[in-house]
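Enquirer: Structure incoming, see below.
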Amino acid sequence: MSDTYSRAGARYDTPAVSAYVNHVHAVHDSGLARAFATPADMPAIQVGQSDGRLIHLIAKLVGATKIVEVGTLAGYSAIQLASAMPAGGGHVWSIEFNAKHADVARENVAVAGLADRVTITTGAGRDILPTLEPHGPFDLVFIDADKVNYAHYGRWAVTHLRRGGVVIGDNAYFFGDLLAETDGARGMRVFHELVAAACDSVCAPTPDGLVIGIKK
Ligand SMILES: C[S@@+](CC[C@H](N)C(=O)[O-])C[C@H]1O[C@@H](n2cnc3c(N)ncnc32)[C@H](O)[C@@H]1O
């Protein structure tokens, strides 16, 4: 059920409600807690706790064993994705431009016991993605890096996903500026539209919008 207010975009969650539902549904084990607590000299811009749990559940639902991520930061979302894969195996290839972020993430992934399931490559998404193509087609691509390249990353994802594979893009409301007449906003709208054309898709109304598309 939704009412007039929630249909128009009003939200009923509050910090206290978010804390409660995170505590009930999206509990962190020690590995996730460590990666979520980014060091003071790194930006705390990882996905939220419920968003992290959501991408974990989507990866589990599609039985993803081959996952690509653009934007690793400290490895929180990579751990969410890798820990969703079946015990028998699977791999996450995660791309991070900042060498310090990549080092912190590698350590967090190792502490979480997932070092054999996650490869973190340092470099720019546009340069590294082509090097991953021999591992494809992929089951899931998660895009959470430089917004200016979302259209490029989205195009790559829908080309290299298997049919039924999932593309997910965070910050799809572009921090509230999605409808602005700027290059960044126009690029994000191209991302929305190309995913919608290639996939059965939705923009889930998470705090900053999460595009989810299943490749047709
Ligand atoms: C929002 S954070 C990623 C958060 C991570 N997905 C999580 O939820 O735990 C974005 C990351 O993308 C990285 N980044 C920025 N530009 C990039 C690029 N061109 N290629 C790859 N990574 C990039 C940043 O250094 C930053 O660590």
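In the structure tokens, chains take letters A, B, ... by order of appearance, with residues numbered from 1 within each chain and ligands from 1 in the order shown.
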So that I can see what lies close to region 18-21 of chain A, please list as a ChimeraX atom specification the residues with an atom at most 12 Å from it, counting only C-alpha atoms and leaving out residues fewer than 6 positions away in the same chain.
Expert: /A:11-12,27,48-51,53,206-207
Enquirer: Only N, CA and C atoms, please: the residues just picked out, written as a CSV table (one decimal), in the first residue's frame.
Expert:
```
chain,number,residue,atom,x,y,z
A,11,ARG,N,9.0,10.2,2.2
A,11,ARG,CA,9.6,9.0,2.8
A,11,ARG,C,9.3,9.0,4.3
A,12,TYR,N,9.0,7.8,4.8
A,12,TYR,CA,8.6,7.6,6.2
A,12,TYR,C,9.7,7.1,7.0
A,27,VAL,N,22.3,-7.0,9.4
A,27,VAL,CA,23.4,-7.0,10.5
A,27,VAL,C,24.7,-7.2,9.9
A,48,GLY,N,24.9,2.5,1.7
A,48,GLY,CA,24.3,2.4,3.0
A,48,GLY,C,24.1,0.9,3.4
A,49,GLN,N,23.8,0.7,4.7
A,49,GLN,CA,23.7,-0.7,5.2
A,49,GLN,C,22.6,-1.5,4.5
A,50,SER,N,21.4,-0.9,4.3
A,50,SER,CA,20.4,-1.6,3.7
A,50,SER,C,20.6,-1.8,2.2
A,51,ASP,N,21.3,-0.8,1.6
A,51,ASP,CA,21.6,-0.9,0.1
A,51,ASP,C,22.6,-2.0,-0.1
A,53,ARG,N,22.9,-4.6,1.8
A,53,ARG,CA,22.2,-5.9,2.0
A,53,ARG,C,21.4,-6.2,0.8
A,206,THR,N,15.8,4.1,-3.2
A,206,THR,CA,16.7,4.1,-2.0
A,206,THR,C,17.1,5.6,-1.8
A,207,PRO,N,17.9,5.9,-0.8
A,207,PRO,CA,18.2,7.3,-0.5
A,207,PRO,C,18.6,8.1,-1.7
```
Enquirer: List the neighbours of Val190 (chain A) out to 12 Å using only C-alpha atoms; skip same-chain residues closer than 6 positions along the sequence, and give me the result as a list in words.
Expert: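 Residues meeting the cut-off are Lys147, Val148, Asn149, Tyr150, Ala151, His152, Tyr153, Gly154, Arg155, Ala172, Leu178, Leu179, Asp183, Gly184, Ala196 and Ala197 of chain A.
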Enquirer: Print the selection's residues with C-alpha atoms to a file, as a PDB file, in the first residue's frame.
Expert:
```
ATOM      1  CA  LYS A 147      29.276   9.483 -12.179  1.00  0.00           C
ATOM      2  CA  VAL A 148      30.519  11.109 -15.382  1.00  0.00           C
ATOM      3  CA  ASN A 149      31.238   7.656 -16.815  1.00  0.00           C
ATOM      4  CA  TYR A 150      27.983   5.920 -15.846  1.00  0.00           C
ATOM      5  CA  ALA A 151      26.728   5.861 -19.437  1.00  0.00           C
ATOM      6  CA  HIS A 152      29.992   4.216 -20.536  1.00  0.00           C
ATOM      7  CA  TYR A 153      29.896   1.702 -17.663  1.00  0.00           C
ATOM      8  CA  GLY A 154      26.197   0.980 -18.287  1.00  0.00           C
ATOM      9  CA  ARG A 155      26.814   0.343 -21.991  1.00  0.00           C
ATOM     10  CA  ALA A 172      20.940   7.219  -9.788  1.00  0.00           C
ATOM     11  CA  LEU A 178      19.146  14.120 -12.007  1.00  0.00           C
ATOM     12  CA  LEU A 179      16.956  16.552 -13.938  1.00  0.00           C
ATOM     13  CA  ASP A 183      26.737  17.263 -18.517  1.00  0.00           C
ATOM     14  CA  GLY A 184      26.781  15.053 -15.408  1.00  0.00           C
ATOM     15  CA  ALA A 196      15.756   0.681 -19.552  1.00  0.00           C
ATOM     16  CA  ALA A 197      16.171  -0.104 -23.255  1.00  0.00           C
TER      17      ALA A 197
END
```
Enquirer: Rounded to one decimal in Å, what is the spacing between CA of Val166 (chain A) and CA of Thr122 (chain A)?
Expert: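 Between these atoms lies a distance of 23.7 Å.
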Enquirer: If the limit is 6 Å from any atom of ligand 1, counting only C-alpha atoms and all ligand atoms, which residues qualify? Return them as a list in words.
Expert: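 Using only C-alpha atoms and all ligand atoms, I find these residues within 6 Å of ligand 1: Ile45, Gln46, Val47, Val70, Gly71, Thr72, Leu73, Ala74, Gly75, Tyr76, Ser77, Ile95, Glu96, Phe97, Asn98, His101, Ala124, Gly125, Asp144, Ala145 and Asp146 of chain A.
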Enquirer: Among region 102-131 of chain A, which ones does DSSP assign to strand (DSSP E) (computed from the backbone)? Answer as a PyMOL selection string.
Expert: chain A and resi 118-122
Enquirer: Using only C-alpha atoms, please write the residues we just selected to a file, as a compact mmCIF listing (two decimals), in the first residue's frame.
Expert:
```txt
# COMPACT_ATOMS: atom_id res chain seq x y z
CA VAL A 118 37.85 -10.94 -4.92
CA THR A 119 40.40 -9.37 -7.25
CA ILE A 120 40.84 -5.62 -6.82
CA THR A 121 42.55 -3.95 -9.75
CA THR A 122 43.90 -0.43 -9.43
```
Enquirer: Take CA of Asp139 (chain A) and CA of Leu161 (chain A) and report the distance between them in Å, one decimal.
Expert: 5.9 Å
Enquirer: I want to know what sits within 12 Å of Ala204 (chain A), based on only C-alpha atoms, with residues of the same chain fewer than 3 positions away left out; could you give that as a list in words?
Expert: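 Once the adjacent positions are removed, what remains is Gly9, Asp51, Leu54, Ile55, Ile168, Gly169, Asp170, Asn171, Ala172, Tyr173, His192, Ser201, Pro207, Asp208, Gly209, Leu210, Val211, Ile212 and Gly213 of chain A.
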Enquirer: Pull the alpha helix (DSSP H) assignments for region 24-162 of chain A out of DSSP run on the backbone, and list those residues as a PyMOL selection string.
Expert: chain A and resi 24-25+30-36+49-61+76-82+99-111+125-132+150-160
Enquirer: Got a sec: who's within 10 Å of region 112-114 of chain A, counting only C-alpha atoms, leaving out chain neighbours fewer than 3 positions off, as a list of chain:residue names?
Expert: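 The contact residues come out as A:Asp29, A:Ser30, A:Gly31, A:Leu32, A:Ala33, A:Arg34, A:Ala35, A:Gly75, A:Ala78, A:Ile79, A:Ala82, A:Ser83, A:His91, A:Val92, A:Arg106, A:Glu107, A:Asn108, A:Val109, A:Arg117, A:Val118, A:Thr119.
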Enquirer: Give me, please, the distance in Å between CA of Glu69 (chain A) and CA of Val167 (chain A), quoted to one decimal.
Expert: 10.0 Å
Enquirer: Between A:Thr182, A:Glu193, A:Asp41, A:Gly165, single out the one closest to Lys216 (chain A), counting only C-alpha atoms.
Expert: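 For Lys216 (chain A), the nearest of the candidates is A:Gly165.
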